[in-house]
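Q: What follows is work.cif, mmCIF, C-alpha atoms.
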data_query
loop_
_atom_site.label_atom_id
_atom_site.label_comp_id
_atom_site.auth_asym_id
_atom_site.auth_seq_id
_atom_site.Cartn_x
_atom_site.Cartn_y
_atom_site.Cartn_z
CA MET A 1 93.28 79.80 301.16
CA LEU A 2 94.99 82.76 302.90
CA ARG A 3 92.90 85.01 300.68
CA GLU A 4 89.75 83.73 302.36
CA SER A 5 90.99 85.07 305.71
CA ILE A 6 92.82 88.28 304.81
CA GLY A 7 91.90 89.23 301.23
CA SER A 8 94.01 88.96 298.10
CA SER A 9 96.85 91.21 299.29
CA CYS A 10 98.16 92.93 302.40
CA TRP A 11 100.66 95.65 303.33
CA LEU A 12 103.67 94.97 305.52
CA GLU A 13 106.04 97.83 306.26
CA PHE A 14 109.79 97.38 306.63
CA THR A 15 112.29 100.09 307.52
CA GLU A 16 115.40 98.05 306.69
CA PRO A 17 116.77 98.43 303.13
CA LYS A 18 117.28 94.67 302.77
CA ILE A 19 115.01 92.00 304.13
CA THR A 20 114.90 88.23 303.77
CA CYS A 21 111.99 85.93 302.99
CA GLU A 22 112.10 84.83 306.61
CA ASP A 23 111.57 88.47 307.69
CA VAL A 24 108.45 88.65 305.52
CA VAL A 25 106.99 85.50 307.07
CA PHE A 26 107.81 86.76 310.56
CA ALA A 27 106.17 90.15 309.93
CA PHE A 28 103.12 88.51 308.37
CA LYS A 29 102.63 86.21 311.36
CA GLU A 30 102.98 89.17 313.74
CA ASN A 31 100.24 91.02 311.85
CA PHE A 32 98.04 87.96 311.43
CA PRO A 33 98.53 85.85 314.56
CA MET A 34 95.93 83.31 313.43
CA PHE A 35 98.66 82.01 311.09
CA SER A 36 101.42 81.97 313.72
CA HIS A 37 101.55 78.15 313.71
CA SER A 38 101.09 77.70 309.99
CA PRO A 39 104.18 76.73 307.99
CA LEU A 40 104.46 79.27 305.15
CA ARG A 41 106.82 79.28 302.18
CA VAL A 42 107.67 82.34 300.12
CA ALA A 43 107.57 82.69 296.33
CA LEU A 44 109.35 85.62 294.66
CA ASN A 45 108.20 86.52 291.15
CA HIS A 46 106.28 83.23 290.91
CA THR A 47 109.17 80.96 291.92
CA PHE A 48 109.75 79.34 295.32
CA ALA A 49 112.48 81.08 297.32
CA ASN A 50 114.62 80.07 300.30
CA ASN A 51 114.09 81.58 303.76
CA THR A 52 117.48 83.31 303.57
CA ASP A 53 116.96 84.86 300.12
CA VAL A 54 117.27 88.64 300.24
CA ILE A 55 114.59 90.94 298.83
CA GLU A 56 116.16 94.22 297.72
CA ASN A 57 113.80 95.37 295.03
CA ALA A 58 110.44 96.77 296.09
CA SER A 59 108.86 95.72 292.80
CA VAL A 60 109.34 92.01 293.45
CA HIS A 61 106.08 90.06 293.58
CA ILE A 62 105.96 88.30 296.96
CA ALA A 63 103.54 85.47 297.68
CA LEU A 64 103.09 83.51 300.89
CA ILE A 65 102.32 79.87 300.25
CA PRO A 66 100.45 77.82 302.87
CA PRO A 67 100.65 73.99 302.95
CA VAL A 68 99.53 72.61 299.59
CA SER A 69 97.04 69.82 298.99
CA GLY A 70 96.82 69.12 295.27
CA GLY A 71 96.40 65.69 293.73
CA MET B 1 111.67 66.34 276.57
CA LYS B 2 108.14 67.41 275.67
CA THR B 3 105.92 68.66 278.49
CA SER B 4 102.36 69.76 279.06
CA PHE B 5 101.16 71.38 282.31
CA GLN B 6 97.64 72.67 282.57
CA LEU B 7 94.98 73.69 285.04
CA TYR B 8 91.50 72.81 283.79
CA PRO B 9 88.23 74.32 284.99
CA GLU B 10 86.28 71.58 283.21
CA HIS B 11 86.11 67.81 282.93
CA LEU B 12 89.49 66.10 282.38
CA THR B 13 89.80 63.46 279.71
CA PHE B 14 92.94 61.73 278.63
CA GLU B 15 94.32 62.31 275.16
CA SER B 16 97.84 61.33 274.31
CA PRO B 17 99.68 64.05 272.41
CA PHE B 18 103.03 62.48 273.17
CA ARG B 19 102.57 58.82 272.14
CA SER B 20 105.31 57.79 269.72
CA ALA B 21 107.23 54.72 268.60
CA ASP B 22 110.34 55.99 270.45
CA SER B 23 108.63 55.55 273.81
CA GLY B 24 108.11 51.91 274.67
CA ALA B 25 106.36 52.87 277.91
CA GLU B 26 103.45 55.16 278.58
CA VAL B 27 102.37 55.26 282.24
CA ILE B 28 99.14 57.09 282.98
CA PHE B 29 97.81 57.95 286.43
CA GLU B 30 94.36 59.36 287.12
CA GLY B 31 93.56 60.68 290.60
CA ILE B 32 89.85 60.33 291.36
CA VAL B 33 87.87 62.20 294.02
CA ARG B 34 87.04 59.68 296.75
CA SER B 35 83.95 59.43 298.93
CA PRO B 36 83.52 58.63 301.73
CA ASN B 37 86.75 60.13 303.05
CA LYS B 38 87.65 59.39 306.68
CA GLY B 39 84.12 58.10 307.25
CA LYS B 40 82.29 61.16 305.88
CA GLN B 41 80.42 61.50 302.61
CA VAL B 42 82.12 64.07 300.40
CA LEU B 43 79.79 66.32 298.39
CA TYR B 44 82.60 67.74 296.30
CA LEU B 45 86.11 69.18 296.43
CA GLU B 46 86.93 72.69 295.34
CA PHE B 47 90.46 73.22 293.99
CA GLU B 48 92.33 76.53 293.80
CA ALA B 49 95.73 77.10 292.25
CA TYR B 50 98.38 79.79 291.92
CA GLU B 51 98.82 79.42 288.18
CA ALA B 52 102.09 81.27 287.54
CA LEU B 53 103.88 79.44 290.35
CA PHE B 54 102.30 76.12 289.27
CA GLY B 55 103.90 76.44 285.81
CA ASN B 56 107.35 77.26 287.20
CA GLU B 57 107.20 74.56 289.84
CA MET B 58 106.13 71.92 287.32
CA ILE B 59 109.07 72.88 285.07
CA ARG B 60 111.41 72.39 288.04
CA ILE B 61 109.89 68.99 288.89
CA ALA B 62 109.89 67.82 285.27
CA THR B 63 113.51 68.86 284.74
CA ALA B 64 114.62 66.91 287.82
CA LEU B 65 112.65 63.82 286.71
CA HIS B 66 114.08 64.04 283.20
CA GLU B 67 117.63 64.16 284.55
CA LYS B 68 116.95 61.14 286.76
CA PHE B 69 114.90 58.95 284.39
CA ASP B 70 115.73 60.20 280.85
CA LEU B 71 112.06 60.78 280.02
CA HIS B 72 110.74 61.46 276.52
CA ALA B 73 107.66 63.38 277.64
CA LEU B 74 105.70 64.29 280.75
CA MET B 75 102.17 65.58 281.18
CA LEU B 76 100.39 66.88 284.27
CA HIS B 77 96.88 68.26 284.05
CA HIS B 78 94.98 69.24 287.19
CA ARG B 79 91.41 70.31 287.73
CA ILE B 80 90.49 73.57 289.42
CA GLY B 81 87.03 74.51 290.69
CA LYS B 82 84.43 72.00 291.86
CA VAL B 83 85.18 68.31 291.33
CA TYR B 84 82.68 65.66 292.39
CA PRO B 85 83.28 62.12 293.74
CA GLY B 86 84.14 59.74 290.94
CA GLU B 87 85.54 62.50 288.74
CA CYS B 88 89.17 62.85 287.76
CA ALA B 89 91.03 65.56 289.69
CA VAL B 90 94.52 64.98 288.30
CA LEU B 91 95.90 63.30 285.25
CA ALA B 92 99.59 62.44 284.89
CA ALA B 93 101.33 60.71 282.01
CA VAL B 94 104.97 59.83 281.62
CA TYR B 95 106.77 58.52 278.53
CA ALA B 96 110.11 56.72 278.52
CA LYS B 97 111.99 54.12 276.53
CA HIS B 98 111.33 51.37 279.09
CA ARG B 99 108.61 50.74 281.67
CA ASP B 100 110.76 50.69 284.83
CA HIS B 101 111.75 54.34 284.40
CA ALA B 102 108.23 55.34 283.38
CA PHE B 103 106.62 53.68 286.44
CA MET B 104 109.11 55.21 288.87
CA ALA B 105 108.93 58.65 287.27
CA CYS B 106 105.13 58.71 287.36
CA ALA B 107 105.07 57.76 291.06
CA GLU B 108 107.68 60.41 291.84
CA LEU B 109 105.83 63.00 289.78
CA MET B 110 102.72 62.52 291.92
CA ASN B 111 104.76 62.62 295.15
CA GLU B 112 106.40 65.88 294.08
CA LEU B 113 103.07 67.35 292.98
CA LYS B 114 101.57 66.64 296.39
CA LYS B 115 104.65 68.08 298.11
CA SER B 116 105.03 71.41 296.33
CA ALA B 117 102.59 72.20 293.51
CA PRO B 118 100.66 75.32 294.62
CA ILE B 119 97.19 73.78 294.54
CA TRP B 120 94.74 73.71 297.46
CA LYS B 121 91.56 71.79 297.99
CA LYS B 122 88.57 72.42 300.19
CA GLU B 123 86.44 69.43 301.13
CA PHE B 124 82.67 69.96 301.36
CA HIS B 125 80.30 67.80 303.46
CA GLU B 126 76.62 68.09 304.40
CA ASP B 127 77.61 69.81 307.66
CA GLY B 128 80.38 72.14 306.46
CA SER B 129 83.73 72.39 304.76
CA PHE B 130 87.44 72.61 305.54
CA TRP B 131 90.73 73.26 303.76
CA VAL B 132 92.75 70.09 303.45
CA SER B 133 96.28 70.75 304.72
CA ALA B 134 98.54 68.08 303.39
CA THR B 135 102.10 69.23 302.98
CA PRO B 136 103.91 72.16 304.63
#
Please, can you express the file's structure as structure tokens?

A:
Amino acid sequence: MLRESIGSSCWLEFTEPKITCEDVVFAFKENFPMFSHSPLRVALNHTFANNTDVIENASVHIALIPPVSGG
Amino acid sequence: MKTSFQLYPEHLTFESPFRSADSGAEVIFEGIVRSPNKGKQVLYLEFEAYEALFGNEMIRIATALHEKFDLHALMLHHRIGKVYPGECAVLAAVYAKHRDHAFMACAELMNELKKSAPIWKKEFHEDGSFWVSATP
């Protein structure tokens, strides 16, 4: 769904050594304002994370999850 | 508890790998693609999924349901790709000792799936298509 608009991956640059999932969502929405009103969740290494979870390791797989509609 | 979670690119048919004499209740739910939807004829739905997250999220949902309803087995198979009206898009089956737990668990399984399973559908009509946004 996001892939259709921006491709399968994107680069976001952070200067802070530690960031939270919320920071990732904020930075993504700044770079892609068309999603500024879209509720997005974050998954780290293929598991849903909380907004306040800290990302310290650069090798973590980060995915942004738009509203789901299965079933 | 035995589980089976799968994303299928082809036609879904129900087979019961978990039926046993221990489980007095087997509740099966099949979700069918509906047309018309909101007054418009649906040509087909196209489903996409994030497979690795789907597996982990289904384990989380199944574990919570097992703790609540003491289930014997749980199955959730979902189609991906194009699915046409009248075809099965999702198949859920729940096994428990008694029917009350099985009915409740199956309903809750579908509610949880719709809330958080990383699957998306795009609805196609004669005059265009749109992503269905159900649950934030």

Q: Would you mind telling me which residue in A:Asn50, A:Ile62, A:Glu56, A:Ser36 lies nearest to A:Trp11 when using all atoms listed in the file?

A: A:Ile62

Q: Suppose a student applies the PyMOL selection byres ((chain B) within 8 of (chain A)) to this structure; what residues should they get, written as a list in words?

A: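 Taken on the displayed file, the PyMOL selection byres ((chain B) within 8 of (chain A)) yields the residues Gly31, Phe47, Ala52, Leu53, Asn56, Glu57, His78, Ala89, Val90, Met110, Leu113, Lys114, Lys115, Ser116, Ala117, Pro118, Ile119, Trp120, Lys121, Trp131, Val132, Ser133, Ala134, Thr135 and Pro136 of chain B.
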
Q: Do you know which residues are at most 7 Å from B:Thr3 counting all atoms listed in the file, after dropping those on the same chain fewer than 6 positions away, and could you put them as a ChimeraX atom specification?

A: /B:73-75

Q: Report, in Å to a single decimal, how far apart atom CA of A:Ala49 and atom CA of A:Thr15 are.

A: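 Atom CA of A:Thr15 sits 21.6 Å away from atom CA of A:Ala49.
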
Q: Record the distance separating atom CA of B:Ala49 and atom CA of B:Ile80, expressed in Å with one decimal.

A: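 Answer for the atom CA of B:Ala49 to atom CA of B:Ile80 separation: 6.9 Å.
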
Q: Rank nothing, just name the residue among A:Met34, A:Asn51, A:Asn57, A:Leu64 nearest to A:Thr20, using only C-alpha atoms.

A: A:Asn51

Q: Have a look at atom CA of B:Leu43 and atom CA of B:His77 and let me know their distance in Å, one decimal.

A: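 Taking atom CA of B:Leu43 and atom CA of B:His77, their separation equals 22.4 Å.
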
Q: Restricting the calculation to all atoms listed in the file, which member of A:Phe32, A:Thr52, A:Phe14, A:Ser59 is positioned closest to A:Leu2?

A: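 Using all atoms listed in the file, A:Leu2 sits closest to A:Phe32.
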
Q: So, with all atoms listed in the file as the atoms that count, which of B:Arg79, B:His125, B:Glu48, B:Thr63 lies closest to A:Glu4?

A: B:Glu48

Q: List the neighbours of A:Val54 out to 12 Å using only C-alpha atoms; skip same-chain residues closer than 6 positions along the sequence, and give me the result as a PyMOL selection string.

A: chain A and resi 16-24+42+44+60+62

Q: I'd like the contact shell of B:Glu126 - 10 Å cut-off, all atoms listed in the file, skipping same-chain residues fewer than 3 positions apart - returned as a JSON list (two decimals) with C-alpha atoms, in the frame of the given file.

A:
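Okay, selection.json is ready:
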[["chain", "number", "residue", "atom", "x", "y", "z"],
["B", 40, "LYS", "CA", 82.29, 61.16, 305.88],
["B", 41, "GLN", "CA", 80.42, 61.50, 302.61],
["B", 42, "VAL", "CA", 82.12, 64.07, 300.40],
["B", 43, "LEU", "CA", 79.79, 66.32, 298.39],
["B", 129, "SER", "CA", 83.73, 72.39, 304.76]]

Q: Of the candidates B:Ile61, B:Leu109, B:Leu45, B:Lys2, which one gets nearest to B:Arg19 if we count only C-alpha atoms?

A: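 The closest residue to B:Arg19 is B:Lys2.
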
Q: Here is a test: counting only C-alpha atoms, which residue of B:Tyr44, B:Phe124, B:Phe130, B:Phe29 is nearest to B:Val83?

A: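 Closest to B:Val83 of all the choices is B:Tyr44.
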
Q: Applied to this file, what does the PyMOL selection byres ((chain B and resi 6) around 7) return in terms of residues, put as a PDB file with C-alpha atoms, in the frame of the given file?

A:
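Full text of part-v2.pdb as output:
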ATOM      1  CA  SER B   4     102.360  69.760 279.060  1.00  0.00           C
ATOM      2  CA  PHE B   5     101.160  71.380 282.310  1.00  0.00           C
ATOM      3  CA  LEU B   7      94.980  73.690 285.040  1.00  0.00           C
ATOM      4  CA  TYR B   8      91.500  72.810 283.790  1.00  0.00           C
ATOM      5  CA  LEU B  76     100.390  66.880 284.270  1.00  0.00           C
ATOM      6  CA  HIS B  77      96.880  68.260 284.050  1.00  0.00           C
ATOM      7  CA  HIS B  78      94.980  69.240 287.190  1.00  0.00           C
TER       8      HIS B  78
END
